[in-house]
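Notes follow once the structure below has been shown.
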Amino acid sequence: MKHDHDALVERLMAFIGNPDARRDPYPFYREIRENEPVIQTPDGLWWVMNYEGCLSLTRDKRWSHENPEKTQEARCPMGLARSMVSRMILFRDAPHHTRLRNLLGKIFVMPAAEKKRELFREHIDTVLADAARKPVVEFREEVARLIPIHMICDVLGLPQERYADLVRWAQSYASMLDVGITPEMETAADRQFEEFVEYIEPTIAERRARPRQDLISEWVQANERGELGDDEIASFALFTFTGGQTTTTITMTNGLFTLLSHPEQWRRLVADPHGLKKSAADEILRFESAGRALVPRWATEDIELCGRTVRKGEMVIGVESSANRDPAIFEDPDTFDIGRSPNRHLAFGSGVHICPGQFVARVEIQEVMAAIAEHYPHTEIVERGQWIPDWILRGLDELRIDLGKTESLAA
């Protein structure tokens, strides 16, 4: 049966603009993949829903991360928030991307992440033991938020006394990645970014005088060598903090909810937590990842993409959460299978722009899920929150659980 192109475009526009349409996006993903996986909306944007197209966006160097026409800047003067975000690694091509990625340090490579696995376990056990003393735990904020924040603050060298402010500033950064930024959103983000810069300036000054073994010290030294601008240190710190905890927090929350919502898979993990933790983490990342879409790309020339021609300068957004359910790559893609192998999901992207924190995030997710399955096998959902209305991120705003005390670390 021939599909109605105009009706499909109309539904896509509703999906983009209406949070209610995104609460369960997967049936719509399936429909659009089957009918028109690369589709253009009336505003000129291209949307890519299949794995082949999304992989092209991450691998083909003809796709640029930098807007060639600077259309947003032309509409109005660039404020602090957009200025900081636009110069980050997400939106830069070589050589700036290469320069910034090299400055992330060696902590995020696989060997370094593996060396920290034992430290992560100890911290996770402590957080879970504290949480288990409560009759009901709000998992997102009381566990999944605390674990990555501790790690990323330690790596950066940021003090954690202003925990709530750090979370708020990270949320402001994430808001600047939305597809529909309003003037009000930008004004609010400018205020938040100004607060963050004021907060971090004393730490930067202290590292100039007394360097430590942390990333801020490395960036200060890079600044003194002329490899990093004065204002890039604060930008880079907020980018790294946001990337190091926001998506990991959401993925952990999504992951535990998904596991407990599939009792047979939860029982599998409980029976063999350390044998299945790696494949379970990757299946969580594929099945219910925190990221909905890849950052935008622009065509540097006319490019053929899955039978459609994207013209030079046109903007393309790949929906990775749809690509991760593509039956052309994943057998029975709507089934949650913690033993799935191979699992070539795109939750971290791919190519030269693949998420630099992927190995640390994997270790954290693996160890959290394994620790709960091993020590709290009777964990149950008490109350599930709502899916957040965000376009870029997909996650629950709350997940209240009972860890089941009888076999807990706190016993």
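Residue numbering restarts at 1 in every chain; chains get A, B, ... in the order shown in the structure tokens, and ligands count up from 1 in that same order.
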Compile the contact shell of Ser56 (chain A) as a PDB file with N, CA, C and O atoms, in the first residue's frame: residues with an atom at most 12 Å away, counting only C-alpha atoms, same-chain residues fewer than 6 positions apart removed.
```pdb
ATOM      1  N   VAL A  38      14.507   8.600   4.905  1.00  0.00           N
ATOM      2  CA  VAL A  38      15.170   9.905   4.769  1.00  0.00           C
ATOM      3  C   VAL A  38      14.118  10.851   4.213  1.00  0.00           C
ATOM      4  O   VAL A  38      13.658  10.698   3.086  1.00  0.00           O
ATOM      5  N   VAL A  48      16.737  11.609   9.263  1.00  0.00           N
ATOM      6  CA  VAL A  48      17.200  10.277   8.867  1.00  0.00           C
ATOM      7  C   VAL A  48      16.840   9.297   9.971  1.00  0.00           C
ATOM      8  O   VAL A  48      17.247   9.467  11.127  1.00  0.00           O
ATOM      9  N   MET A  49      16.090   8.262   9.606  1.00  0.00           N
ATOM     10  CA  MET A  49      15.538   7.352  10.607  1.00  0.00           C
ATOM     11  C   MET A  49      16.135   5.948  10.558  1.00  0.00           C
ATOM     12  O   MET A  49      15.851   5.144  11.443  1.00  0.00           O
ATOM     13  N   ASN A  50      16.914   5.619   9.539  1.00  0.00           N
ATOM     14  CA  ASN A  50      17.427   4.251   9.428  1.00  0.00           C
ATOM     15  C   ASN A  50      18.905   4.182   9.790  1.00  0.00           C
ATOM     16  O   ASN A  50      19.603   5.196   9.885  1.00  0.00           O
ATOM     17  N   ARG A  62      32.065  14.120   4.272  1.00  0.00           N
ATOM     18  CA  ARG A  62      31.388  15.204   3.559  1.00  0.00           C
ATOM     19  C   ARG A  62      30.285  15.854   4.399  1.00  0.00           C
ATOM     20  O   ARG A  62      29.758  16.901   4.025  1.00  0.00           O
ATOM     21  N   TRP A  63      29.961  15.234   5.522  1.00  0.00           N
ATOM     22  CA  TRP A  63      29.002  15.828   6.453  1.00  0.00           C
ATOM     23  C   TRP A  63      29.767  16.657   7.477  1.00  0.00           C
ATOM     24  O   TRP A  63      30.651  16.155   8.161  1.00  0.00           O
ATOM     25  N   SER A  64      29.439  17.927   7.598  1.00  0.00           N
ATOM     26  CA  SER A  64      30.133  18.835   8.515  1.00  0.00           C
ATOM     27  C   SER A  64      29.322  19.053   9.784  1.00  0.00           C
ATOM     28  O   SER A  64      28.089  19.056   9.767  1.00  0.00           O
ATOM     29  N   LEU A 294      21.371  12.308  16.820  1.00  0.00           N
ATOM     30  CA  LEU A 294      22.730  12.791  16.630  1.00  0.00           C
ATOM     31  C   LEU A 294      22.708  14.309  16.507  1.00  0.00           C
ATOM     32  O   LEU A 294      21.683  14.903  16.161  1.00  0.00           O
ATOM     33  N   ARG A 297      24.169  17.715  11.170  1.00  0.00           N
ATOM     34  CA  ARG A 297      25.237  17.781  10.170  1.00  0.00           C
ATOM     35  C   ARG A 297      24.766  18.646   9.008  1.00  0.00           C
ATOM     36  O   ARG A 297      23.560  18.780   8.774  1.00  0.00           O
ATOM     37  N   ALA A 299      25.565  19.278   4.764  1.00  0.00           N
ATOM     38  CA  ALA A 299      26.206  18.734   3.566  1.00  0.00           C
ATOM     39  C   ALA A 299      27.199  19.747   3.002  1.00  0.00           C
ATOM     40  O   ALA A 299      26.847  20.901   2.766  1.00  0.00           O
ATOM     41  N   ILE A 303      24.922  15.394  -1.762  1.00  0.00           N
ATOM     42  CA  ILE A 303      25.214  14.031  -1.314  1.00  0.00           C
ATOM     43  C   ILE A 303      23.984  13.154  -1.499  1.00  0.00           C
ATOM     44  O   ILE A 303      22.863  13.532  -1.118  1.00  0.00           O
ATOM     45  N   GLU A 304      24.189  11.995  -2.073  1.00  0.00           N
ATOM     46  CA  GLU A 304      23.126  11.004  -2.206  1.00  0.00           C
ATOM     47  C   GLU A 304      23.044  10.215  -0.897  1.00  0.00           C
ATOM     48  O   GLU A 304      24.037   9.631  -0.450  1.00  0.00           O
ATOM     49  N   LEU A 305      21.886  10.219  -0.276  1.00  0.00           N
ATOM     50  CA  LEU A 305      21.705   9.560   1.010  1.00  0.00           C
ATOM     51  C   LEU A 305      20.466   8.669   0.948  1.00  0.00           C
ATOM     52  O   LEU A 305      19.330   9.161   0.947  1.00  0.00           O
ATOM     53  N   CYS A 306      20.703   7.371   0.853  1.00  0.00           N
ATOM     54  CA  CYS A 306      19.610   6.384   0.814  1.00  0.00           C
ATOM     55  C   CYS A 306      18.568   6.738  -0.251  1.00  0.00           C
ATOM     56  O   CYS A 306      17.350   6.691  -0.011  1.00  0.00           O
ATOM     57  N   VAL A 316      20.941  18.150   8.249  1.00  0.00           N
ATOM     58  CA  VAL A 316      20.426  16.793   8.399  1.00  0.00           C
ATOM     59  C   VAL A 316      20.524  16.375   9.865  1.00  0.00           C
ATOM     60  O   VAL A 316      21.543  16.601  10.516  1.00  0.00           O
ATOM     61  N   ILE A 317      19.469  15.760  10.375  1.00  0.00           N
ATOM     62  CA  ILE A 317      19.475  15.232  11.740  1.00  0.00           C
ATOM     63  C   ILE A 317      19.200  13.736  11.681  1.00  0.00           C
ATOM     64  O   ILE A 317      18.181  13.301  11.131  1.00  0.00           O
ATOM     65  N   GLY A 318      20.110  12.956  12.225  1.00  0.00           N
ATOM     66  CA  GLY A 318      19.942  11.507  12.292  1.00  0.00           C
ATOM     67  C   GLY A 318      19.341  11.101  13.617  1.00  0.00           C
ATOM     68  O   GLY A 318      19.852  11.488  14.676  1.00  0.00           O
ATOM     69  N   GLU A 320      19.133   8.566  16.063  1.00  0.00           N
ATOM     70  CA  GLU A 320      19.850   7.337  16.413  1.00  0.00           C
ATOM     71  C   GLU A 320      18.956   6.344  17.151  1.00  0.00           C
ATOM     72  O   GLU A 320      19.117   5.127  17.025  1.00  0.00           O
ATOM     73  N   ALA A 323      17.401   4.423  14.495  1.00  0.00           N
ATOM     74  CA  ALA A 323      18.397   3.551  13.854  1.00  0.00           C
ATOM     75  C   ALA A 323      18.699   2.328  14.699  1.00  0.00           C
ATOM     76  O   ALA A 323      18.956   1.237  14.172  1.00  0.00           O
ATOM     77  N   LEU A 346      24.191   2.728  17.933  1.00  0.00           N
ATOM     78  CA  LEU A 346      24.788   4.046  17.679  1.00  0.00           C
ATOM     79  C   LEU A 346      24.549   4.998  18.846  1.00  0.00           C
ATOM     80  O   LEU A 346      24.547   6.219  18.664  1.00  0.00           O
ATOM     81  N   GLY A 349      27.215   7.296  18.933  1.00  0.00           N
ATOM     82  CA  GLY A 349      27.632   7.756  17.622  1.00  0.00           C
ATOM     83  C   GLY A 349      28.620   6.777  17.014  1.00  0.00           C
ATOM     84  O   GLY A 349      28.679   5.603  17.367  1.00  0.00           O
ATOM     85  N   SER A 350      29.452   7.289  16.111  1.00  0.00           N
ATOM     86  CA  SER A 350      30.465   6.462  15.452  1.00  0.00           C
ATOM     87  C   SER A 350      31.452   7.403  14.765  1.00  0.00           C
ATOM     88  O   SER A 350      31.255   8.619  14.736  1.00  0.00           O
ATOM     89  N   GLY A 351      32.519   6.844  14.219  1.00  0.00           N
ATOM     90  CA  GLY A 351      33.492   7.657  13.489  1.00  0.00           C
ATOM     91  C   GLY A 351      34.316   8.548  14.394  1.00  0.00           C
ATOM     92  O   GLY A 351      34.417   8.319  15.602  1.00  0.00           O
TER      93      GLY A 351
END
```
For Leu399 (chain A), list every protein, DNA or RNA residue within 8 Å, evaluated using only C-alpha atoms, and leave out those in the same chain fewer than 5 positions away; present the list as a ChimeraX atom specification. /A:138-140,253,257,381-385
Using DSSP secondary structure from the backbone, list all helix (DSSP H, G or I) positions within region 143-289 of chain A, as number ranges by chain. A: 143-144, 146-156, 163-175, 183-209, 215-224, 232-261, 263-271, 273-287
All residues 12 Å or closer to region 243-247 of chain A, only C-alpha atoms, same chain fewer than 6 positions away omitted, as a ChimeraX atom specification: /A:88-90,104,107-108,140-141,143-156,166-175,236-237,253-255,285,288-292,347-348,355-362,364-365,392-396
When DSSP is applied to the backbone of this structure, which of region 348-388 of chain A are assigned strand (DSSP E)? Write them out as an MDAnalysis selection string. chainID A and resid 380:384
For a test of reading the model, state the distance in Å between CA of Val197 (chain A) and CA of Phe241 (chain A), rounded to one decimal. 13.3 Å
